[in-house]
$ cat protein-v4.cif   # mmCIF, C-alpha atoms and all ligand atoms
data_data
#
loop_
_atom_site.label_atom_id
_atom_site.label_comp_id
_atom_site.auth_asym_id
_atom_site.auth_seq_id
_atom_site.Cartn_x
_atom_site.Cartn_y
_atom_site.Cartn_z
CA MET A 1 -39.57 -176.82 -130.16
CA SER A 2 -37.37 -176.32 -127.09
CA LEU A 3 -36.16 -172.86 -126.14
CA ALA A 4 -32.64 -173.84 -127.26
CA GLU A 5 -33.84 -175.06 -130.67
CA GLN A 6 -36.03 -172.00 -131.11
CA TRP A 7 -33.11 -169.70 -130.29
CA ARG A 8 -30.68 -171.44 -132.59
CA SER A 9 -32.96 -171.98 -135.56
CA GLY A 10 -33.89 -168.29 -135.55
CA ARG A 11 -30.27 -167.20 -136.07
CA PRO A 12 -27.56 -167.33 -138.71
CA LYS A 13 -25.37 -170.41 -138.43
CA VAL A 14 -22.54 -169.74 -135.99
CA ALA A 15 -18.94 -169.92 -137.19
CA GLY A 16 -17.34 -171.99 -134.42
CA LEU A 17 -18.55 -171.62 -130.82
CA HIS A 18 -20.08 -168.42 -129.49
CA LEU A 19 -19.50 -168.21 -125.73
CA ASP A 20 -19.64 -164.45 -125.49
CA SER A 21 -23.18 -163.24 -124.79
CA ALA A 22 -22.00 -161.06 -121.89
CA ALA A 23 -20.13 -159.04 -124.53
CA CYS A 24 -22.51 -159.32 -127.46
CA SER A 25 -25.10 -162.00 -128.23
CA ARG A 26 -26.07 -163.25 -131.65
CA GLN A 27 -29.02 -161.35 -133.15
CA SER A 28 -31.94 -163.26 -134.61
CA LEU A 29 -32.71 -163.16 -138.34
CA ALA A 30 -35.97 -161.33 -137.54
CA VAL A 31 -34.09 -158.61 -135.64
CA ILE A 32 -31.52 -158.23 -138.41
CA ASP A 33 -34.33 -158.01 -140.98
CA ALA A 34 -36.34 -155.46 -138.98
CA THR A 35 -33.28 -153.24 -138.66
CA ALA A 36 -32.51 -153.45 -142.37
CA GLN A 37 -36.19 -152.96 -143.22
CA HIS A 38 -36.28 -149.69 -141.32
CA ALA A 39 -33.22 -148.40 -143.20
CA ARG A 40 -34.91 -149.39 -146.46
CA HIS A 41 -38.09 -147.58 -145.43
CA GLU A 42 -36.06 -144.44 -144.65
CA ALA A 43 -34.72 -144.52 -148.22
CA GLU A 44 -38.20 -145.02 -149.63
CA VAL A 45 -40.28 -142.44 -147.77
CA GLY A 46 -37.72 -140.25 -145.98
CA GLY A 47 -36.09 -140.69 -142.57
CA TYR A 48 -38.57 -138.56 -140.64
CA VAL A 49 -41.64 -140.12 -142.22
CA ALA A 50 -40.20 -143.58 -141.54
CA ALA A 51 -39.65 -142.52 -137.92
CA GLU A 52 -43.35 -141.72 -137.52
CA ALA A 53 -44.29 -145.08 -139.02
CA ALA A 54 -41.98 -146.84 -136.57
CA ALA A 55 -43.51 -145.15 -133.50
CA PRO A 56 -45.77 -148.11 -132.55
CA VAL A 57 -42.79 -150.51 -132.71
CA LEU A 58 -40.77 -148.24 -130.43
CA ASP A 59 -43.74 -147.92 -128.06
CA ALA A 60 -43.87 -151.71 -127.89
CA GLY A 61 -40.13 -151.71 -127.12
CA ARG A 62 -40.68 -149.24 -124.27
CA ALA A 63 -43.55 -151.34 -122.96
CA ALA A 64 -41.27 -154.39 -122.97
CA VAL A 65 -38.58 -152.53 -121.02
CA ALA A 66 -41.34 -151.45 -118.62
CA ALA A 67 -42.42 -155.08 -118.18
CA LEU A 68 -38.84 -156.15 -117.43
CA THR A 69 -38.08 -153.30 -115.01
CA GLY A 70 -41.44 -152.79 -113.34
CA LEU A 71 -41.33 -149.09 -114.25
CA PRO A 72 -43.89 -147.26 -116.42
CA SER A 73 -43.44 -147.36 -120.20
CA ASP A 74 -43.88 -143.60 -120.58
CA HIS A 75 -40.79 -143.26 -118.37
CA VAL A 76 -38.57 -145.44 -120.54
CA VAL A 77 -35.94 -143.59 -122.55
CA PHE A 78 -33.89 -145.12 -125.35
CA THR A 79 -30.15 -144.45 -125.11
CA THR A 80 -27.07 -145.55 -127.03
CA GLY A 81 -26.24 -148.06 -124.31
CA ALA A 82 -25.86 -148.58 -120.58
CA ASN A 83 -23.00 -146.14 -120.04
CA HIS A 84 -24.93 -143.42 -121.86
CA ALA A 85 -27.97 -144.14 -119.68
CA LEU A 86 -25.96 -143.73 -116.48
CA ASP A 87 -24.34 -140.55 -117.76
CA LEU A 88 -27.75 -139.10 -118.70
CA LEU A 89 -29.14 -139.92 -115.27
CA LEU A 90 -26.21 -138.67 -113.21
CA SER A 91 -25.72 -135.51 -115.28
CA SER A 92 -29.38 -134.69 -114.51
CA TRP A 93 -29.10 -135.43 -110.80
CA PRO A 94 -30.63 -132.79 -108.50
CA GLY A 95 -28.94 -131.76 -105.26
CA GLN A 96 -26.26 -133.59 -103.37
CA ARG A 97 -23.93 -135.84 -105.38
CA THR A 98 -22.97 -138.69 -103.06
CA LEU A 99 -23.21 -142.33 -104.07
CA ALA A 100 -22.63 -145.77 -102.56
CA CYS A 101 -21.80 -148.83 -104.67
CA LEU A 102 -20.00 -152.16 -104.32
CA PRO A 103 -16.19 -152.37 -104.30
CA GLY A 104 -16.56 -154.49 -107.46
CA GLU A 105 -18.30 -151.69 -109.37
CA PHE A 106 -17.75 -151.64 -113.16
CA GLY A 107 -14.75 -149.41 -114.00
CA PRO A 108 -16.47 -147.35 -116.74
CA ASN A 109 -19.37 -146.66 -114.32
CA LEU A 110 -16.91 -145.33 -111.74
CA ALA A 111 -15.52 -143.03 -114.43
CA ILE A 112 -19.00 -141.68 -115.21
CA MET A 113 -19.73 -141.15 -111.51
CA ALA A 114 -16.46 -139.22 -111.12
CA ALA A 115 -17.00 -137.17 -114.28
CA ASN A 116 -20.38 -136.07 -112.90
CA GLY A 117 -18.85 -134.99 -109.60
CA PHE A 118 -20.16 -137.84 -107.44
CA ALA A 119 -18.30 -138.68 -104.24
CA VAL A 120 -18.31 -142.48 -104.12
CA ARG A 121 -18.17 -144.73 -101.06
CA ALA A 122 -18.18 -148.53 -100.81
CA LEU A 123 -21.08 -150.75 -99.78
CA PRO A 124 -20.14 -153.76 -97.62
CA ALA A 125 -19.50 -157.03 -99.48
CA ASP A 126 -18.25 -160.52 -98.63
CA ASP A 127 -14.98 -161.96 -99.92
CA ALA A 128 -16.57 -163.02 -103.20
CA GLY A 129 -17.90 -159.50 -103.82
CA ARG A 130 -21.53 -160.19 -102.95
CA LEU A 131 -23.43 -157.41 -101.19
CA ASP A 132 -23.94 -157.90 -97.45
CA VAL A 133 -27.53 -156.65 -97.23
CA ASP A 134 -27.78 -156.38 -93.44
CA ALA A 135 -24.50 -154.51 -93.11
CA ALA A 136 -25.55 -152.28 -96.02
CA ALA A 137 -28.86 -151.50 -94.32
CA ARG A 138 -27.02 -150.38 -91.17
CA GLN A 139 -24.47 -148.33 -93.11
CA LEU A 140 -27.09 -146.62 -95.28
CA ALA A 141 -29.32 -145.83 -92.30
CA ALA A 142 -26.42 -144.27 -90.38
CA ASP A 143 -25.29 -142.05 -93.25
CA PRO A 144 -27.53 -142.17 -96.32
CA PRO A 145 -25.99 -141.10 -99.65
CA ALA A 146 -28.09 -139.42 -102.36
CA VAL A 147 -27.82 -142.49 -104.61
CA VAL A 148 -27.25 -146.19 -104.09
CA HIS A 149 -25.97 -147.78 -107.30
CA LEU A 150 -26.01 -151.54 -107.76
CA THR A 151 -24.74 -153.48 -110.76
CA ALA A 152 -27.18 -156.39 -110.51
CA LEU A 153 -24.79 -158.70 -112.35
CA ALA A 154 -21.22 -157.65 -113.01
CA SER A 155 -19.20 -157.89 -116.18
CA HIS A 156 -16.13 -159.42 -114.53
CA ARG A 157 -17.87 -161.95 -112.23
CA GLY A 158 -21.12 -163.90 -112.61
CA LEU A 159 -22.61 -163.23 -109.17
CA ALA A 160 -26.31 -162.38 -109.02
CA GLN A 161 -26.48 -159.57 -106.47
CA PRO A 162 -29.44 -159.38 -104.04
CA SER A 163 -31.08 -156.50 -105.92
CA ALA A 164 -34.60 -156.98 -104.56
CA ALA A 165 -33.39 -157.04 -100.94
CA LEU A 166 -31.37 -153.87 -101.45
CA ALA A 167 -34.35 -152.22 -103.15
CA ASP A 168 -36.44 -152.96 -100.02
CA VAL A 169 -33.76 -151.41 -97.81
CA CYS A 170 -33.49 -148.30 -100.00
CA ARG A 171 -37.26 -147.85 -100.20
CA ASP A 172 -37.54 -147.98 -96.40
CA LEU A 173 -34.82 -145.35 -96.08
CA GLY A 174 -36.11 -143.15 -98.89
CA VAL A 175 -32.83 -143.42 -100.82
CA ALA A 176 -32.87 -143.75 -104.62
CA LEU A 177 -31.59 -147.11 -105.86
CA VAL A 178 -30.20 -147.10 -109.41
CA VAL A 179 -29.65 -150.54 -110.96
CA ASP A 180 -27.18 -151.25 -113.75
CA ALA A 181 -28.90 -154.08 -115.60
CA ALA A 182 -26.54 -154.22 -118.60
CA GLN A 183 -25.91 -157.89 -117.73
CA GLY A 184 -29.16 -158.27 -115.81
CA LEU A 185 -31.82 -157.51 -118.44
CA GLY A 186 -32.90 -160.71 -120.15
CA HIS A 187 -30.93 -162.70 -117.57
CA LEU A 188 -32.22 -161.94 -114.05
CA ASP A 189 -35.41 -160.46 -112.63
CA CYS A 190 -34.83 -156.70 -112.77
CA ALA A 191 -38.34 -155.61 -111.71
CA VAL A 192 -37.18 -155.19 -108.14
CA GLY A 193 -38.67 -151.83 -107.16
CA ALA A 194 -35.69 -149.58 -107.97
CA ALA A 195 -35.89 -145.86 -108.67
CA ALA A 196 -34.16 -146.37 -112.01
CA VAL A 197 -32.98 -149.36 -114.04
CA TYR A 198 -30.85 -149.18 -117.17
CA GLY A 199 -29.36 -151.64 -119.58
CA THR A 200 -28.17 -152.42 -123.05
CA SER A 201 -29.50 -154.16 -126.14
CA ARG A 202 -26.61 -156.25 -127.39
CA LYS A 203 -25.92 -158.54 -124.43
CA TRP A 204 -28.48 -161.03 -123.10
CA LEU A 205 -31.39 -159.48 -125.02
CA ALA A 206 -29.52 -160.10 -128.27
CA GLY A 207 -30.50 -156.86 -129.99
CA PRO A 208 -28.30 -154.62 -132.15
CA ARG A 209 -25.25 -152.80 -130.82
CA GLY A 210 -25.30 -149.08 -129.96
CA VAL A 211 -28.68 -148.95 -128.25
CA GLY A 212 -29.94 -149.32 -124.69
CA ALA A 213 -32.62 -148.07 -122.33
CA LEU A 214 -33.14 -146.15 -119.10
CA ALA A 215 -36.34 -146.63 -117.08
CA ILE A 216 -37.10 -144.13 -114.32
CA HIS A 217 -39.67 -144.09 -111.54
CA PRO A 218 -41.98 -141.06 -111.99
CA ASP A 219 -41.09 -139.71 -108.50
CA LEU A 220 -37.43 -139.58 -109.47
CA ALA A 221 -38.07 -138.35 -113.04
CA GLN A 222 -39.98 -135.42 -111.61
CA ARG A 223 -36.90 -134.32 -109.65
CA LEU A 224 -34.32 -134.70 -112.45
CA ARG A 225 -32.86 -131.66 -114.19
CA PRO A 226 -31.60 -132.78 -117.61
CA ARG A 227 -28.76 -130.59 -118.91
CA LEU A 228 -30.29 -130.08 -122.36
CA PRO A 229 -32.00 -127.86 -123.20
CA PRO A 230 -30.93 -125.73 -120.20
CA PRO A 231 -33.79 -125.98 -117.64
CA GLU A 232 -33.91 -122.18 -117.20
CA TRP A 233 -34.95 -121.77 -120.84
CA GLY A 234 -38.34 -123.14 -119.86
CA VAL A 235 -38.75 -125.19 -123.05
CA PRO A 236 -42.04 -127.12 -122.71
CA LEU A 237 -40.67 -130.67 -122.84
CA THR A 238 -41.18 -133.48 -120.33
CA VAL A 239 -38.16 -134.93 -118.52
CA THR A 240 -38.29 -138.07 -120.66
CA GLN A 241 -38.49 -135.99 -123.85
CA ARG A 242 -35.45 -133.99 -122.72
CA LEU A 243 -33.50 -137.11 -121.90
CA GLU A 244 -34.28 -138.64 -125.29
CA HIS A 245 -33.51 -135.44 -127.18
CA GLY A 246 -30.98 -135.77 -130.01
CA GLU A 247 -30.07 -137.66 -133.16
CA THR A 248 -30.33 -141.42 -133.00
CA ASN A 249 -30.03 -144.62 -135.00
CA LEU A 250 -33.74 -145.41 -135.24
CA ALA A 251 -33.13 -148.67 -137.09
CA ALA A 252 -31.20 -149.90 -134.05
CA ARG A 253 -34.07 -148.93 -131.75
CA VAL A 254 -36.47 -150.82 -134.01
CA GLY A 255 -34.23 -153.90 -133.88
CA PHE A 256 -33.88 -153.60 -130.10
CA SER A 257 -37.67 -153.33 -129.74
CA LEU A 258 -38.08 -156.49 -131.77
CA ALA A 259 -35.45 -158.32 -129.70
CA LEU A 260 -37.31 -157.30 -126.54
CA GLY A 261 -40.53 -158.65 -128.03
CA GLU A 262 -38.82 -161.95 -128.85
CA HIS A 263 -37.54 -162.18 -125.27
CA LEU A 264 -41.01 -161.61 -123.80
CA ALA A 265 -42.49 -164.12 -126.25
CA ALA A 266 -39.88 -166.74 -125.28
CA GLY A 267 -40.81 -166.21 -121.61
CA PRO A 268 -38.42 -164.29 -119.35
CA GLN A 269 -38.68 -166.86 -116.53
CA LEU A 270 -37.98 -169.73 -118.92
CA VAL A 271 -34.93 -167.88 -120.26
CA ARG A 272 -33.68 -167.17 -116.72
CA ASP A 273 -34.05 -170.80 -115.68
CA ARG A 274 -32.28 -172.01 -118.80
CA LEU A 275 -29.42 -169.51 -118.38
CA ALA A 276 -28.96 -170.69 -114.78
CA GLN A 277 -28.80 -174.28 -116.01
CA VAL A 278 -26.32 -173.40 -118.78
CA GLY A 279 -24.16 -171.59 -116.20
CA ARG A 280 -24.10 -174.68 -114.01
CA TRP A 281 -23.17 -176.89 -116.98
CA THR A 282 -20.38 -174.49 -117.91
CA ARG A 283 -18.88 -174.51 -114.41
CA GLU A 284 -19.14 -178.29 -114.22
CA ALA A 285 -17.44 -178.69 -117.60
CA LEU A 286 -14.61 -176.34 -116.62
CA ALA A 287 -14.09 -177.40 -112.99
CA ASP A 288 -11.13 -179.66 -113.76
CA VAL A 289 -9.26 -177.83 -116.52
CA ALA A 290 -5.65 -177.61 -115.28
CA GLY A 291 -4.32 -174.10 -114.71
CA TRP A 292 -7.69 -172.44 -114.06
CA ARG A 293 -10.08 -171.86 -111.17
CA VAL A 294 -13.81 -171.30 -111.70
CA VAL A 295 -14.60 -168.17 -109.67
CA GLU A 296 -18.40 -168.52 -109.28
CA PRO A 297 -20.21 -171.02 -107.05
CA LEU A 298 -21.48 -173.94 -109.15
CA ASP A 299 -25.14 -173.07 -108.58
CA GLU A 300 -24.96 -169.32 -109.10
CA PRO A 301 -28.10 -168.60 -111.18
CA THR A 302 -26.30 -166.87 -114.05
CA ALA A 303 -24.70 -167.89 -117.36
CA ILE A 304 -21.53 -165.88 -116.72
CA THR A 305 -18.54 -167.99 -115.70
CA THR A 306 -15.10 -166.56 -115.14
CA LEU A 307 -11.82 -168.43 -114.97
CA ALA A 308 -8.86 -167.13 -113.00
CA PRO A 309 -5.43 -168.49 -113.97
CA THR A 310 -3.74 -170.50 -111.19
CA ASP A 311 -0.51 -171.31 -112.96
CA GLY A 312 0.50 -168.30 -115.01
CA ALA A 313 -1.79 -168.69 -118.04
CA ASP A 314 -2.45 -165.38 -119.82
CA PRO A 315 -6.21 -164.96 -120.46
CA GLN A 316 -5.57 -162.46 -123.26
CA LYS A 317 -3.36 -164.89 -125.18
CA VAL A 318 -5.68 -167.80 -124.48
CA ARG A 319 -8.64 -165.84 -125.84
CA ALA A 320 -6.73 -164.96 -129.01
CA TRP A 321 -5.62 -168.60 -129.48
CA LEU A 322 -9.19 -169.87 -129.10
CA ILE A 323 -10.45 -167.50 -131.80
CA ALA A 324 -7.57 -168.09 -134.22
CA GLN A 325 -7.30 -171.87 -133.82
CA ARG A 326 -10.84 -172.98 -132.99
CA GLY A 327 -13.25 -170.16 -133.86
CA ILE A 328 -14.33 -169.96 -130.20
CA VAL A 329 -15.28 -166.50 -128.86
CA THR A 330 -14.83 -165.66 -125.18
CA THR A 331 -13.82 -162.45 -123.36
CA TYR A 332 -10.58 -161.41 -121.74
CA ALA A 333 -11.40 -159.15 -118.78
CA ASP A 334 -8.60 -157.15 -117.20
CA TRP A 335 -8.52 -155.30 -113.87
CA GLN A 336 -9.94 -152.08 -115.36
CA ARG A 337 -13.38 -153.69 -115.47
CA ALA A 338 -13.48 -153.71 -111.68
CA PRO A 339 -10.41 -151.76 -110.55
CA PHE A 340 -11.13 -152.22 -106.82
CA GLU A 341 -11.90 -155.93 -106.95
CA LEU A 342 -10.22 -157.75 -109.82
CA THR A 343 -6.67 -158.65 -108.85
CA THR A 344 -5.86 -160.83 -111.85
CA PRO A 345 -7.24 -160.80 -115.42
CA VAL A 346 -9.86 -163.48 -116.08
CA LEU A 347 -11.26 -165.36 -119.04
CA ARG A 348 -15.05 -164.99 -119.27
CA VAL A 349 -17.30 -167.63 -120.77
CA SER A 350 -20.93 -166.65 -121.40
CA PRO A 351 -23.04 -169.02 -123.49
CA HIS A 352 -26.70 -168.29 -124.22
CA VAL A 353 -29.73 -170.58 -123.91
CA ASP A 354 -28.75 -172.68 -126.94
CA ALA A 355 -25.51 -174.02 -125.43
CA ALA A 356 -25.27 -177.82 -125.52
CA LEU A 357 -23.38 -180.09 -123.12
CA ASP A 358 -21.16 -181.49 -125.89
CA GLU A 359 -20.17 -177.97 -126.92
CA LEU A 360 -19.14 -177.12 -123.39
CA ALA A 361 -17.07 -180.32 -123.25
CA GLN A 362 -15.54 -179.32 -126.59
CA PHE A 363 -14.69 -175.93 -125.09
CA ALA A 364 -13.07 -177.51 -122.02
CA GLU A 365 -10.84 -179.57 -124.33
CA ALA A 366 -9.98 -176.48 -126.42
CA LEU A 367 -9.18 -174.48 -123.28
CA ALA A 368 -6.75 -177.18 -122.15
CA ALA A 369 -5.08 -177.10 -125.59
CA ALA A 370 -4.97 -173.28 -125.56
CA THR A 371 -3.44 -173.24 -122.08
CA ALA A 372 -0.68 -175.58 -123.20
CA ALA A 373 -0.04 -173.65 -126.45
CA ALA A 374 -0.61 -169.95 -125.67
C1 LIG B 1 -21.46 -153.82 -120.82
C2 LIG B 1 -21.72 -153.18 -119.52
C3 LIG B 1 -22.00 -151.81 -119.42
C4 LIG B 1 -21.91 -150.89 -120.60
O1 LIG B 1 -22.87 -151.13 -121.58
P1 LIG B 1 -22.84 -150.25 -122.90
O2 LIG B 1 -24.11 -150.56 -123.57
O3 LIG B 1 -21.62 -150.69 -123.66
O4 LIG B 1 -22.70 -148.83 -122.53
C5 LIG B 1 -22.32 -151.30 -118.18
N1 LIG B 1 -22.36 -152.08 -117.09
C6 LIG B 1 -22.10 -153.40 -117.14
C7 LIG B 1 -22.19 -154.21 -115.89
C8 LIG B 1 -21.75 -153.99 -118.35
O5 LIG B 1 -21.49 -155.29 -118.40
#
$ encode --input "protein-v4.cif" --output "structure tokens"
Amino acid sequence: MSLAEQWRSGRPKVAGLHLDSAACSRQSLAVIDATAQHARHEAEVGGYVAAEAAAPVLDAGRAAVAALTGLPSDHVVFTTGANHALDLLLSSWPGQRTLACLPGEFGPNLAIMAANGFAVRALPADDAGRLDVDAAARQLAADPPAVVHLTALASHRGLAQPSAALADVCRDLGVALVVDAAQGLGHLDCAVGAAAVYGTSRKWLAGPRGVGALAIHPDLAQRLRPRLPPPEWGVPLTVTQRLEHGETNLAARVGFSLALGEHLAAGPQLVRDRLAQVGRWTREALADVAGWRVVEPLDEPTAITTLAPTDGADPQKVRAWLIAQRGIVTTYADWQRAPFELTTPVLRVSPHVDAALDELAQFAEALAAATAAA
């Protein structure tokens, strides 16, 4: 069975067209069952007994995150998502709070950096928003910040950033590189040698909502000072135990762990290659739809395609029309996603590995109809 067939046959039948994996992919039947099964087990034996029984599954989930990030599994912390992971990390940051990131940084990340008292400066990028590695190396060497933060793949634009090259630069300079892999995990190679990598379950890994992970290099973990419990209380907990402290939806972690296992079983490199191919097909199919411009280069190795209106179309209305009239899910992304880069709202199209050429042609036709009607 091909990867596409395997993906599709393992899921509930889709109502319409699902072109929205960058927002939330479709979970597999096995993941849905594992999540429900854990809730059932909690009712049968008690929530805390069920938690002990689920420990090996969660350990396997951590090991899978470790495999995808190149960081050790005993330094993987489950979170409620990517934003929570960044907040946990930055609120535990020792010493100076200065940070460099791209001008196209994700708006909610900028809010978390500001809320944690980080002074943010911009890394050099080209006109498309791609990091200029050589210029960044010079800038970082001249005046190194405490943290370099890179969103490996953005929410508002499907550019694969040169994460591995920046990781090399940061390692040479002894600066911690933190990678937002919310769109990167399950999509791009995120084992690049960063000090920390974090991501989310529901996007390309197709796990449940409300869960994510933070993986930290031991050298960095050792320096962190998690807020809770207050460090001066001297409670004998490791940094990872402190970071993971608190009530959680264990069923969601179980489902996420299973989704990670499915991804590893499918073959991360195979999935990456297929997503790159699907992205190319999408951009080819949409290249000539009147009133829109495809933002990404045709061959960008990602399955995120964004469309900028060239003739006054309103992406928000077009999205709503596509759902109401055709059962097609896409995303409307406004400037708040990347407040220092996005000048006009865009329509985002993000199919997964099961996308077929005829479906993308069908979408191009529907987009033309939506543009005329909305
Ligand atoms: C979705 C997204 C996030 C936030 O993920 P949550 O799990 O909702 O917190 C962070 N960064 C990027 C680039 C995203 O696309």
$ residues_around --input "protein-v4.cif" --residues "Arg337 of chain A" --least-positions-apart "4" --cutoff "12 Å" --atoms "only C-alpha atoms" --output "list in words"
Pro103, Gly104, Glu105, Phe106, Gly107, Pro108, Asn109, Leu110, Ala111, Ala154, Ser155, His156, Arg157, Thr331, Tyr332, Ala333, Glu341, Leu342, Thr343, Thr344, Pro345 and Val346 of chain A
$ closest_atom_pairs --input "protein-v4.cif" --of "chain A" --to "ligand LIG 1 (chain B)" --cutoff "9 Å" --atoms "only C-alpha atoms and all ligand atoms" --output "CSV"
residue,atom,partner,partner_atom,distance
A:Ala22,CA,B:LIG1,O5,6.8
A:Ala23,CA,B:LIG1,C1,6.5
A:Cys24,CA,B:LIG1,C1,8.7
A:Thr79,CA,B:LIG1,O2,8.7
A:Thr80,CA,B:LIG1,O2,6.8
A:Gly81,CA,B:LIG1,O2,3.4
A:Ala82,CA,B:LIG1,O4,3.7
A:Asn83,CA,B:LIG1,O4,3.7
A:His84,CA,B:LIG1,O4,5.9
A:Ala85,CA,B:LIG1,O4,7.6
A:Leu86,CA,B:LIG1,O4,8.6
A:Glu105,CA,B:LIG1,C7,8.0
A:Phe106,CA,B:LIG1,C7,5.8
A:Gly107,CA,B:LIG1,N1,8.6
A:Pro108,CA,B:LIG1,C5,7.2
A:Asn109,CA,B:LIG1,C5,6.7
A:Thr151,CA,B:LIG1,C7,5.8
A:Ala152,CA,B:LIG1,C7,7.7
A:Leu153,CA,B:LIG1,C7,6.3
A:Ala154,CA,B:LIG1,C7,4.6
A:Ser155,CA,B:LIG1,O5,4.1
A:His156,CA,B:LIG1,O5,7.8
A:Asp180,CA,B:LIG1,N1,5.9
A:Ala181,CA,B:LIG1,C7,6.7
A:Ala182,CA,B:LIG1,C6,4.7
A:Gln183,CA,B:LIG1,O5,5.2
A:Gly184,CA,B:LIG1,C7,8.1
A:Tyr198,CA,B:LIG1,C5,8.8
A:Gly199,CA,B:LIG1,O2,6.7
A:Thr200,CA,B:LIG1,O2,4.5
A:Ser201,CA,B:LIG1,O2,7.0
A:Arg202,CA,B:LIG1,O2,7.3
A:Lys203,CA,B:LIG1,C1,7.4
A:Arg209,CA,B:LIG1,O2,7.7
A:Gly210,CA,B:LIG1,O2,6.7
A:Val211,CA,B:LIG1,O2,6.7
A:Gly212,CA,B:LIG1,O2,6.1
A:Ala213,CA,B:LIG1,O2,9.0
A:Arg337,CA,B:LIG1,O5,8.8
$ closest_residue --input "protein-v4.cif" --among "A:Arg253, A:Val148, A:Pro309, A:Gly10" --to "Ala55 of chain A" --atoms "only C-alpha atoms"
A:Arg253
$ atom_distance --input "protein-v4.cif" --atom1 "atom CA of Pro145 of chain A" --atom2 "atom CA of Phe118 of chain A"
10.3 Å
$ residues_around --input "protein-v4.cif" --residues "segment 38-48 of chain A" --least-positions-apart "6" --cutoff "12 Å" --atoms "all atoms listed in the file" --output "ChimeraX atom specification"
/A:31-32,54-55,57-58,247-255,258
$ write_last_selection --input "protein-v4.cif" --atoms "C-alpha atoms" --output "short mmCIF file (atom, residue, chain, number, x, y, z; two decimals), keeping the file's coordinate frame"
data_model
loop_
_atom_site.label_atom_id
_atom_site.label_comp_id
_atom_site.auth_asym_id
_atom_site.auth_seq_id
_atom_site.Cartn_x
_atom_site.Cartn_y
_atom_site.Cartn_z
CA VAL A 31 -34.09 -158.61 -135.64
CA ILE A 32 -31.52 -158.23 -138.41
CA ALA A 54 -41.98 -146.84 -136.57
CA ALA A 55 -43.51 -145.15 -133.50
CA VAL A 57 -42.79 -150.51 -132.71
CA LEU A 58 -40.77 -148.24 -130.43
CA GLU A 247 -30.07 -137.66 -133.16
CA THR A 248 -30.33 -141.42 -133.00
CA ASN A 249 -30.03 -144.62 -135.00
CA LEU A 250 -33.74 -145.41 -135.24
CA ALA A 251 -33.13 -148.67 -137.09
CA ALA A 252 -31.20 -149.90 -134.05
CA ARG A 253 -34.07 -148.93 -131.75
CA VAL A 254 -36.47 -150.82 -134.01
CA GLY A 255 -34.23 -153.90 -133.88
CA LEU A 258 -38.08 -156.49 -131.77
#
$ closest_residue --input "protein-v4.cif" --among "A:Leu260, A:Asp219, A:Leu177, A:Ala122" --to "Ala66 of chain A" --atoms "only C-alpha atoms"
A:Leu260
$ residues_around --input "protein-v4.cif" --residues "Asp87 of chain A" --least-positions-apart "5" --cutoff "9 Å" --atoms "all atoms listed in the file" --output "ChimeraX atom specification"
/A:82,92,109,112-113,115-116
$ atom_distance --input "protein-v4.cif" --atom1 "atom CA of Thr330 of chain A" --atom2 "atom CA of Val294 of chain A"
14.6 Å
$ closest_residue --input "protein-v4.cif" --among "A:Leu89, A:Cys190, A:Val65, A:Leu102" --to "Pro339 of chain A" --atoms "all atoms listed in the file"
A:Leu102
